[in-house]
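What's in data-v6.tsv: TSV, C-alpha atoms
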chain	number	residue	atom	x	y	z
A	1415	MET	CA	-100.54	57.14	-32.48
A	1416	ARG	CA	-101.26	56.18	-28.87
A	1417	SER	CA	-101.44	52.51	-29.82
A	1418	VAL	CA	-98.07	52.79	-31.58
A	1419	ILE	CA	-96.48	54.30	-28.46
A	1420	PHE	CA	-97.97	51.52	-26.32
A	1421	PHE	CA	-96.54	48.90	-28.69
A	1422	ILE	CA	-93.07	50.50	-28.53
A	1423	LEU	CA	-93.15	50.59	-24.72
A	1424	LEU	CA	-94.27	46.98	-24.59
A	1425	ALA	CA	-91.49	45.91	-26.96
A	1426	VAL	CA	-88.89	47.76	-24.88
A	1427	SER	CA	-90.09	46.17	-21.66
A	1428	VAL	CA	-89.97	42.70	-23.16
A	1429	SER	CA	-86.53	43.16	-24.71
A	1430	CYS	CA	-85.15	44.42	-21.39
A	1431	SER	CA	-86.55	41.55	-19.35
A	1432	SER	CA	-83.98	39.31	-17.70
A	1433	ASP	CA	-83.81	36.08	-15.78
A	1434	LEU	CA	-85.73	37.92	-13.07
A	1435	GLU	CA	-88.97	38.19	-15.02
A	1436	ASP	CA	-90.63	35.75	-12.60
A	1437	GLN	CA	-89.57	37.68	-9.50
A	1438	ASP	CA	-92.31	38.34	-6.97
A	1439	ALA	CA	-90.51	39.55	-3.84
A	1440	THR	CA	-87.15	40.69	-2.51
A	1441	LEU	CA	-85.33	38.85	0.21
A	1442	LYS	CA	-85.67	41.91	2.43
A	1443	GLU	CA	-89.44	41.71	2.03
A	1444	GLY	CA	-89.35	37.96	2.60
A	1445	LEU	CA	-87.66	38.47	5.97
A	1446	MET	CA	-90.07	41.16	7.19
A	1447	ASN	CA	-91.84	40.21	10.43
A	1448	ARG	CA	-89.79	37.03	10.60
A	1449	THR	CA	-86.89	35.87	12.73
A	1450	PRO	CA	-83.92	35.38	10.38
A	1451	VAL	CA	-81.02	33.06	11.13
A	1452	LEU	CA	-78.16	34.12	8.89
A	1453	ASP	CA	-75.50	31.83	7.40
A	1454	ASN	CA	-77.42	28.74	8.46
A	1455	VAL	CA	-78.29	26.98	5.19
A	1456	ILE	CA	-75.57	24.82	3.66
A	1457	ALA	CA	-75.46	25.74	-0.03
A	1458	CYS	CA	-73.08	26.13	-2.96
A	1459	ALA	CA	-73.28	26.38	-6.75
A	1460	ALA	CA	-71.58	24.85	-9.77
A	1461	SER	CA	-71.78	25.21	-13.52
A	1462	ASN	CA	-73.17	22.04	-15.09
A	1463	GLU	CA	-70.88	19.77	-17.07
A	1464	ASN	CA	-73.13	19.07	-20.05
A	1465	ASP	CA	-75.32	22.15	-20.47
A	1466	ASP	CA	-75.31	25.91	-19.86
A	1467	LEU	CA	-77.27	25.77	-16.59
A	1468	VAL	CA	-76.02	26.47	-13.08
A	1469	SER	CA	-76.86	24.05	-10.26
A	1470	VAL	CA	-77.41	25.62	-6.83
A	1471	PHE	CA	-77.06	22.79	-4.31
A	1472	PHE	CA	-78.42	22.93	-0.77
A	1473	TYR	CA	-79.00	20.68	2.22
A	1474	PRO	CA	-82.67	20.73	3.31
A	1475	ARG	CA	-82.56	19.71	6.93
A	1476	ASP	CA	-85.39	17.53	8.21
A	1477	GLY	CA	-88.43	19.74	8.76
A	1478	ALA	CA	-87.34	22.47	6.35
A	1479	THR	CA	-90.27	24.07	4.52
A	1480	ASN	CA	-90.97	27.03	2.24
A	1481	ILE	CA	-87.65	26.71	0.41
A	1482	ARG	CA	-86.88	29.84	-1.62
A	1483	TYR	CA	-84.32	30.87	-4.24
A	1484	TYR	CA	-83.15	34.51	-4.55
A	1485	GLU	CA	-80.68	36.16	-6.89
A	1486	THR	CA	-79.35	39.63	-7.67
A	1487	GLU	CA	-79.37	41.15	-11.14
A	1488	ASP	CA	-75.56	41.17	-11.32
A	1489	LEU	CA	-72.45	41.46	-9.15
A	1490	ASN	CA	-72.57	45.25	-8.93
A	1491	VAL	CA	-74.35	45.21	-5.56
A	1492	SER	CA	-73.43	44.50	-1.98
A	1493	LYS	CA	-73.82	40.78	-1.35
A	1494	THR	CA	-75.40	41.57	2.02
A	1495	ASP	CA	-78.00	44.02	0.66
A	1496	PHE	CA	-81.09	41.83	0.87
A	1497	ASP	CA	-83.16	44.43	-0.93
A	1498	LYS	CA	-81.21	43.58	-4.11
A	1499	TYR	CA	-82.10	39.87	-4.06
A	1500	TYR	CA	-85.23	38.90	-6.00
A	1501	ARG	CA	-87.12	35.67	-5.55
A	1502	LEU	CA	-87.65	33.32	-8.47
A	1503	ASP	CA	-90.41	30.76	-8.25
A	1504	ILE	CA	-88.58	27.75	-9.67
A	1505	PRO	CA	-88.67	24.03	-8.84
A	1506	SER	CA	-85.98	22.15	-6.96
A	1507	PHE	CA	-84.69	18.70	-7.87
A	1508	ASP	CA	-83.50	15.78	-5.76
A	1509	VAL	CA	-79.81	14.97	-5.43
A	1510	PHE	CA	-78.78	11.68	-3.82
A	1511	ASN	CA	-82.45	10.70	-3.76
A	1512	GLY	CA	-83.48	13.84	-1.94
A	1513	TYR	CA	-80.81	13.92	0.76
A	1514	LEU	CA	-79.64	17.09	-0.99
A	1515	LYS	CA	-81.55	19.24	-3.46
A	1516	LYS	CA	-80.67	21.70	-6.18
A	1517	PHE	CA	-82.10	24.47	-8.30
A	1518	GLU	CA	-81.09	24.44	-11.96
A	1519	VAL	CA	-81.03	27.97	-13.30
A	1520	ALA	CA	-80.29	29.63	-16.64
A	1521	ILE	CA	-78.22	32.67	-15.67
A	1522	SER	CA	-77.18	35.19	-18.31
A	1523	GLU	CA	-74.86	37.24	-16.10
A	1524	GLU	CA	-72.78	36.42	-13.05
A	1525	ARG	CA	-74.50	37.40	-9.81
A	1526	TRP	CA	-75.11	36.58	-6.14
A	1527	VAL	CA	-77.54	33.88	-5.03
A	1528	ILE	CA	-79.11	33.01	-1.65
A	1529	VAL	CA	-81.25	30.05	-0.56
A	1530	THR	CA	-83.64	30.23	2.40
A	1531	PHE	CA	-86.06	27.91	4.16
A	1532	GLU	CA	-88.34	27.87	7.19
A	1533	GLU	CA	-87.51	25.74	10.21
A	1534	GLU	CA	-89.07	25.84	13.67
A	1535	GLY	CA	-90.70	29.21	13.02
A	1536	LYS	CA	-87.52	30.92	11.81
A	1537	THR	CA	-86.22	31.80	8.34
A	1538	HIS	CA	-82.76	30.35	7.76
A	1539	VAL	CA	-80.57	32.07	5.19
A	1540	SER	CA	-77.53	30.72	3.34
A	1541	ASN	CA	-74.28	32.57	2.87
A	1542	PRO	CA	-74.28	34.52	-0.40
A	1543	ILE	CA	-73.10	32.36	-3.30
A	1544	ARG	CA	-71.12	34.04	-6.05
A	1545	ILE	CA	-72.02	32.63	-9.45
A	1546	LYS	CA	-68.87	32.40	-11.59
A	1547	HIS	CA	-69.90	30.14	-14.46
A	1548	PHE	CA	-68.31	32.40	-17.10
A	1549	THR	CA	-65.10	33.46	-15.37
A	1550	LYS	CA	-64.43	30.19	-13.48
A	1551	PRO	CA	-66.54	27.34	-14.89
A	1552	THR	CA	-66.56	24.31	-12.63
A	1553	GLU	CA	-63.91	21.76	-13.59
A	1554	TYR	CA	-65.08	18.14	-13.92
A	1555	VAL	CA	-62.40	15.46	-13.52
A	1556	SER	CA	-62.12	12.07	-11.82
A	1557	GLN	CA	-58.46	11.20	-12.33
A	1558	ASN	CA	-57.47	13.35	-9.35
A	1559	ILE	CA	-58.97	10.90	-6.79
A	1560	LYS	CA	-56.98	8.07	-5.20
A	1561	ILE	CA	-58.54	5.33	-3.09
A	1562	ASP	CA	-56.64	3.19	-0.59
A	1563	SER	CA	-58.80	0.22	0.37
A	1564	LEU	CA	-56.24	-1.59	2.51
A	1565	GLN	CA	-58.45	-1.22	5.58
A	1566	THR	CA	-61.51	-3.32	4.76
A	1567	GLY	CA	-64.74	-1.37	4.89
A	1568	ARG	CA	-63.00	1.93	5.70
A	1569	PRO	CA	-61.35	3.17	2.48
A	1570	PHE	CA	-59.09	6.21	2.52
A	1571	PHE	CA	-59.76	8.84	-0.15
A	1572	SER	CA	-57.38	11.56	-1.26
A	1573	TRP	CA	-57.53	14.03	-4.11
A	1574	GLU	CA	-55.78	16.99	-5.66
A	1575	ASP	CA	-57.02	20.42	-6.63
A	1576	GLY	CA	-57.50	21.15	-10.30
A	1577	LYS	CA	-56.60	24.33	-12.14
A	1578	TYR	CA	-58.16	26.54	-9.44
A	1579	THR	CA	-56.17	26.80	-6.23
A	1580	ASP	CA	-58.43	29.00	-4.09
A	1581	SER	CA	-60.66	26.24	-2.66
A	1582	LYS	CA	-61.24	26.63	1.09
A	1583	ILE	CA	-63.26	23.53	1.96
A	1584	TYR	CA	-64.07	20.13	0.47
A	1585	PHE	CA	-67.41	18.33	0.56
A	1586	GLN	CA	-67.28	14.54	0.28
A	1587	VAL	CA	-70.14	12.11	-0.32
A	1588	VAL	CA	-69.98	8.33	-0.21
A	1589	SER	CA	-73.08	6.85	-1.85
A	1590	ASP	CA	-74.25	3.36	-2.80
A	1591	GLU	CA	-75.03	2.07	-6.28
A	1592	SER	CA	-78.65	3.26	-5.89
A	1593	ASP	CA	-77.39	6.81	-5.29
A	1594	ASN	CA	-78.33	6.82	-1.61
A	1595	LEU	CA	-76.06	9.05	0.45
A	1596	LEU	CA	-74.22	7.07	3.12
A	1597	SER	CA	-72.03	9.86	4.44
A	1598	GLY	CA	-71.71	13.58	3.78
A	1599	THR	CA	-68.76	15.39	5.32
A	1600	TYR	CA	-66.63	18.52	4.97
A	1601	THR	CA	-62.89	18.80	5.51
A	1602	TYR	CA	-60.24	21.43	5.04
A	1603	ASP	CA	-57.88	18.61	4.08
A	1604	THR	CA	-57.72	16.96	0.67
A	1605	SER	CA	-58.36	13.57	2.26
A	1606	PHE	CA	-61.06	11.66	4.11
A	1607	GLN	CA	-61.36	8.16	5.52
A	1608	PHE	CA	-64.78	6.53	5.68
A	1609	TYR	CA	-66.16	6.96	8.38
A	1610	ASN	CA	-63.40	8.62	10.44
A	1611	LEU	CA	-64.37	12.08	11.69
A	1612	ASP	CA	-60.93	13.14	12.98
A	1613	ASN	CA	-60.46	15.79	10.28
A	1614	VAL	CA	-64.15	16.49	9.58
A	1615	VAL	CA	-65.22	20.08	10.26
A	1616	LEU	CA	-68.90	19.69	9.30
A	1617	ASN	CA	-70.97	16.52	9.12
A	1618	ILE	CA	-74.43	16.12	7.57
A	1619	THR	CA	-74.52	12.32	7.90
A	1620	LYS	CA	-77.58	10.91	9.62
A	1621	GLY	CA	-76.70	8.16	12.07
A	1622	ASN	CA	-73.51	6.13	12.06
A	1623	PRO	CA	-73.04	4.33	8.72
A	1624	LEU	CA	-71.91	0.72	8.67
A	1625	ALA	CA	-68.58	-0.34	7.20
A	1626	LEU	CA	-68.65	-0.69	3.42
A	1627	LYS	CA	-68.89	-4.17	1.92
A	1628	SER	CA	-66.15	-5.35	-0.39
A	1629	GLU	CA	-68.62	-7.08	-2.71
A	1630	SER	CA	-70.77	-3.96	-3.19
A	1631	ALA	CA	-70.35	-1.01	-5.56
A	1632	TYR	CA	-70.12	2.56	-4.29
A	1633	ASN	CA	-69.46	6.09	-5.51
A	1634	PHE	CA	-67.24	8.79	-4.08
A	1635	THR	CA	-67.97	12.44	-4.91
A	1636	VAL	CA	-65.96	15.47	-3.87
A	1637	MET	CA	-66.62	19.16	-4.43
A	1638	ALA	CA	-63.87	21.72	-3.92
A	1639	VAL	CA	-65.57	24.94	-2.77
A	1640	SER	CA	-64.18	28.48	-2.73
A	1641	GLU	CA	-64.72	31.00	0.05
A	1642	ASP	CA	-67.65	32.54	-1.83
A	1643	ASN	CA	-69.35	29.11	-2.12
A	1644	TRP	CA	-68.58	28.45	-5.78
A	1645	VAL	CA	-67.62	24.87	-6.71
A	1646	ASN	CA	-64.22	25.01	-8.38
A	1647	LEU	CA	-63.89	21.27	-8.88
A	1648	PHE	CA	-66.40	18.42	-9.10
A	1649	SER	CA	-64.99	14.90	-9.06
A	1650	GLU	CA	-66.77	11.54	-8.93
A	1651	ILE	CA	-65.50	7.97	-9.12
A	1652	GLU	CA	-66.91	4.48	-8.72
A	1653	PHE	CA	-65.19	1.97	-6.49

Give the structure from this file in structure tokens form.
Amino acid sequence: MRSVIFFILLAVSVSCSSDLEDQDATLKEGLMNRTPVLDNVIACAASNENDDLVSVFFYPRDGATNIRYYETEDLNVSKTDFDKYYRLDIPSFDVFNGYLKKFEVAISEERWVIVTFEEEGKTHVSNPIRIKHFTKPTEYVSQNIKIDSLQTGRPFFSWEDGKYTDSKIYFQVVSDESDNLLSGTYTYDTSFQFYNLDNVVLNITKGNPLALKSESAYNFTVMAVSEDNWVNLFSEIEF
């Protein structure tokens, strides 16, 4: 009889397991005896176009180590309650040849996500990211981008929002045909000229990129991001 009870308890525990079965610490525990720097990791998330996974993108600044991914069980918690975020030990993948990185996660229920890393002896923490892959799946289109190349080497990009109109900021990447990031910028406007920083509110470009060459191929990518760091729109075009 005792063995039967044990089997029932085991079956219940397995059937109730969630995406958090690999959790090994809470974010609150991860910040104990450390100096946290809040809202200081650039990160956002999008539902993938061709599968059911969610991509959590982040910018790993030079020298960043001990990169961690945390998520809550659902949305029924305070997004600032770090005791409700559980760490998952999952790999990250390169984006733009490692200039950015991402976690790809199978998430069964919408929830909050946070990314952290160590830098200069401090733990840097992203803003909470609200995962909305069921209620607001990321829209993938390219027809909304216009490129004006009248000024040689300094094309002007403009775009329109898609079906979601609550985007607060736009992240633009100009990359070469080998997928190397040449510039990474944020604007509140739905336009950007390479490499004019007049309307740029955040810049992750390293150095000062050279003018683009008319005989070379490039890519332009834009992400429209909501206030809770969810990517409403993902657009990419070759030029």

Practice task
Step by step: start from the point (-64.4, 25.1, -7.5) in the file's coordinates, keep every protein, DNA or RNA residue that has an atom no farther than 7 Å from it, count only C-alpha atoms, and write the set as a PyMOL selection string.
Solution key: chain A and resi 1552-1553+1578+1581+1638-1640+1644-1647

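Reported to one decimal place, the separation of atom CA of A:Ala1459 from atom CA of A:Val1491 is 18.9 Å.
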
Exercise for the section: Check the smallest atom-to-atom distance from each of A:Asp1612, A:Glu1641, A:Asp1562, A:Glu1533 to A:Tyr1584 using only C-alpha atoms, then report the winner. Expected result: A:Glu1641

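Minimum atom-to-atom distances from A:Glu1443, A:Glu1652, A:Glu1518, A:Asp1642 to A:Phe1496 were compared using all atoms listed in the file, and the lowest value belongs to A:Glu1443.
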
Let me have the centre and edge lengths of the axis-aligned box enclosing all listed atoms of stretch 1516-1523 of chain A with 8 Å padding on every side, in Å to one decimal, as AutoDock Vina command-line options.
--center_x -78.5 --center_y 29.5 --center_z -12.2 --size_x 23.2 --size_y 31.5 --size_z 28.1

Exercise for the section: Quick one: pull the distance between atom CA of A:Lys1536 and atom CA of A:Arg1448, Å, one decimal. Expected result: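 Separating atom CA of A:Lys1536 from atom CA of A:Arg1448 is a distance of 6.6 Å.
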
Exercise for the section: Just give me the gap between atom CA of A:Asn1633 and atom CA of A:His1547 in Å, one decimal is fine. Expected result: 25.7 Å

I need stretch 1633-1647 of chain A written out with all heavy atoms, as an mmCIF file, in the first residue's frame; please produce it.
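Output saved as selection-v3.cif:
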data_model
loop_
_atom_site.group_PDB
_atom_site.id
_atom_site.type_symbol
_atom_site.label_atom_id
_atom_site.label_comp_id
_atom_site.auth_asym_id
_atom_site.auth_seq_id
_atom_site.Cartn_x
_atom_site.Cartn_y
_atom_site.Cartn_z
ATOM 1 N N ASN A 1633 21.324 44.691 -44.461
ATOM 2 C CA ASN A 1633 19.998 44.398 -43.910
ATOM 3 C C ASN A 1633 19.607 45.486 -42.922
ATOM 4 O O ASN A 1633 20.467 46.028 -42.211
ATOM 5 C CB ASN A 1633 19.996 43.045 -43.192
ATOM 6 C CG ASN A 1633 20.105 41.878 -44.139
ATOM 7 O OD1 ASN A 1633 19.163 41.542 -44.843
ATOM 8 N ND2 ASN A 1633 21.263 41.253 -44.159
ATOM 9 N N PHE A 1634 18.327 45.777 -42.896
ATOM 10 C CA PHE A 1634 17.783 46.699 -41.900
ATOM 11 C C PHE A 1634 16.721 45.969 -41.104
ATOM 12 O O PHE A 1634 15.809 45.367 -41.678
ATOM 13 C CB PHE A 1634 17.180 47.936 -42.559
ATOM 14 C CG PHE A 1634 16.574 48.905 -41.580
ATOM 15 C CD1 PHE A 1634 17.379 49.696 -40.776
ATOM 16 C CD2 PHE A 1634 15.199 49.018 -41.461
ATOM 17 C CE1 PHE A 1634 16.825 50.588 -39.862
ATOM 18 C CE2 PHE A 1634 14.622 49.901 -40.556
ATOM 19 C CZ PHE A 1634 15.452 50.687 -39.757
ATOM 20 N N THR A 1635 16.847 45.991 -39.782
ATOM 21 C CA THR A 1635 15.907 45.325 -38.886
ATOM 22 C C THR A 1635 15.347 46.354 -37.916
ATOM 23 O O THR A 1635 16.095 47.191 -37.393
ATOM 24 C CB THR A 1635 16.613 44.210 -38.076
ATOM 25 O OG1 THR A 1635 17.241 43.299 -38.968
ATOM 26 C CG2 THR A 1635 15.614 43.460 -37.198
ATOM 27 N N VAL A 1636 14.058 46.291 -37.669
ATOM 28 C CA VAL A 1636 13.453 47.172 -36.673
ATOM 29 C C VAL A 1636 12.500 46.358 -35.800
ATOM 30 O O VAL A 1636 11.779 45.479 -36.282
ATOM 31 C CB VAL A 1636 12.709 48.360 -37.333
ATOM 32 C CG1 VAL A 1636 11.558 47.892 -38.208
ATOM 33 C CG2 VAL A 1636 12.227 49.339 -36.285
ATOM 34 N N MET A 1637 12.571 46.628 -34.499
ATOM 35 C CA MET A 1637 11.647 46.033 -33.544
ATOM 36 C C MET A 1637 10.863 47.156 -32.870
ATOM 37 O O MET A 1637 11.457 48.109 -32.358
ATOM 38 C CB MET A 1637 12.384 45.239 -32.461
ATOM 39 C CG MET A 1637 13.200 44.079 -32.954
ATOM 40 S SD MET A 1637 13.938 43.171 -31.555
ATOM 41 C CE MET A 1637 15.150 42.151 -32.411
ATOM 42 N N ALA A 1638 9.543 47.037 -32.894
ATOM 43 C CA ALA A 1638 8.678 47.986 -32.202
ATOM 44 C C ALA A 1638 8.337 47.396 -30.833
ATOM 45 O O ALA A 1638 7.759 46.316 -30.749
ATOM 46 C CB ALA A 1638 7.410 48.232 -33.009
ATOM 47 N N VAL A 1639 8.726 48.099 -29.768
ATOM 48 C CA VAL A 1639 8.691 47.535 -28.418
ATOM 49 C C VAL A 1639 7.698 48.304 -27.552
ATOM 50 O O VAL A 1639 7.701 49.538 -27.523
ATOM 51 C CB VAL A 1639 10.096 47.564 -27.778
ATOM 52 C CG1 VAL A 1639 10.083 46.853 -26.423
ATOM 53 C CG2 VAL A 1639 11.126 46.909 -28.708
ATOM 54 N N SER A 1640 6.868 47.569 -26.825
ATOM 55 C CA SER A 1640 5.881 48.182 -25.938
ATOM 56 C C SER A 1640 6.535 48.593 -24.622
ATOM 57 O O SER A 1640 7.689 48.276 -24.344
ATOM 58 C CB SER A 1640 4.729 47.215 -25.671
ATOM 59 O OG SER A 1640 5.198 46.083 -24.953
ATOM 60 N N GLU A 1641 5.779 49.284 -23.791
ATOM 61 C CA GLU A 1641 6.309 49.777 -22.523
ATOM 62 C C GLU A 1641 6.751 48.650 -21.604
ATOM 63 O O GLU A 1641 7.655 48.824 -20.785
ATOM 64 C CB GLU A 1641 5.253 50.653 -21.833
ATOM 65 C CG GLU A 1641 5.770 51.411 -20.632
ATOM 66 C CD GLU A 1641 4.766 52.415 -20.110
ATOM 67 O OE1 GLU A 1641 3.598 52.388 -20.559
ATOM 68 O OE2 GLU A 1641 5.133 53.242 -19.257
ATOM 69 N N ASP A 1642 6.121 47.482 -21.722
ATOM 70 C CA ASP A 1642 6.503 46.349 -20.883
ATOM 71 C C ASP A 1642 7.485 45.415 -21.605
ATOM 72 O O ASP A 1642 7.603 44.243 -21.282
ATOM 73 C CB ASP A 1642 5.280 45.586 -20.386
ATOM 74 C CG ASP A 1642 4.271 45.303 -21.484
ATOM 75 O OD1 ASP A 1642 4.639 45.393 -22.673
ATOM 76 O OD2 ASP A 1642 3.114 44.985 -21.158
ATOM 77 N N ASN A 1643 8.199 45.972 -22.608
ATOM 78 C CA ASN A 1643 9.342 45.304 -23.253
ATOM 79 C C ASN A 1643 8.964 44.087 -24.100
ATOM 80 O O ASN A 1643 9.797 43.205 -24.316
ATOM 81 C CB ASN A 1643 10.398 44.932 -22.195
ATOM 82 C CG ASN A 1643 10.882 46.140 -21.422
ATOM 83 O OD1 ASN A 1643 11.445 47.054 -21.997
ATOM 84 N ND2 ASN A 1643 10.623 46.158 -20.125
ATOM 85 N N TRP A 1644 7.741 44.076 -24.586
ATOM 86 C CA TRP A 1644 7.314 43.045 -25.525
ATOM 87 C C TRP A 1644 7.421 43.599 -26.946
ATOM 88 O O TRP A 1644 7.030 44.734 -27.219
ATOM 89 C CB TRP A 1644 5.879 42.614 -25.248
ATOM 90 C CG TRP A 1644 5.365 41.574 -26.201
ATOM 91 C CD1 TRP A 1644 4.430 41.740 -27.187
ATOM 92 C CD2 TRP A 1644 5.769 40.201 -26.285
ATOM 93 N NE1 TRP A 1644 4.217 40.563 -27.862
ATOM 94 C CE2 TRP A 1644 5.035 39.596 -27.332
ATOM 95 C CE3 TRP A 1644 6.679 39.424 -25.557
ATOM 96 C CZ2 TRP A 1644 5.180 38.262 -27.684
ATOM 97 C CZ3 TRP A 1644 6.826 38.091 -25.910
ATOM 98 C CH2 TRP A 1644 6.089 37.514 -26.949
ATOM 99 N N VAL A 1645 7.950 42.788 -27.866
ATOM 100 C CA VAL A 1645 8.108 43.215 -29.257
ATOM 101 C C VAL A 1645 6.782 43.027 -29.988
ATOM 102 O O VAL A 1645 6.364 41.903 -30.249
ATOM 103 C CB VAL A 1645 9.236 42.419 -29.953
ATOM 104 C CG1 VAL A 1645 9.330 42.825 -31.421
ATOM 105 C CG2 VAL A 1645 10.570 42.646 -29.246
ATOM 106 N N ASN A 1646 6.147 44.141 -30.312
ATOM 107 C CA ASN A 1646 4.888 44.090 -31.056
ATOM 108 C C ASN A 1646 5.108 43.747 -32.520
ATOM 109 O O ASN A 1646 4.316 43.013 -33.126
ATOM 110 C CB ASN A 1646 4.180 45.449 -30.987
ATOM 111 C CG ASN A 1646 3.569 45.726 -29.634
ATOM 112 O OD1 ASN A 1646 3.146 44.814 -28.931
ATOM 113 N ND2 ASN A 1646 3.530 47.002 -29.256
ATOM 114 N N LEU A 1647 6.186 44.287 -33.087
ATOM 115 C CA LEU A 1647 6.413 44.196 -34.526
ATOM 116 C C LEU A 1647 7.892 43.925 -34.788
ATOM 117 O O LEU A 1647 8.766 44.561 -34.195
ATOM 118 C CB LEU A 1647 6.017 45.511 -35.190
ATOM 119 C CG LEU A 1647 6.244 45.636 -36.692
ATOM 120 C CD1 LEU A 1647 5.253 44.791 -37.467
ATOM 121 C CD2 LEU A 1647 6.148 47.098 -37.126
#
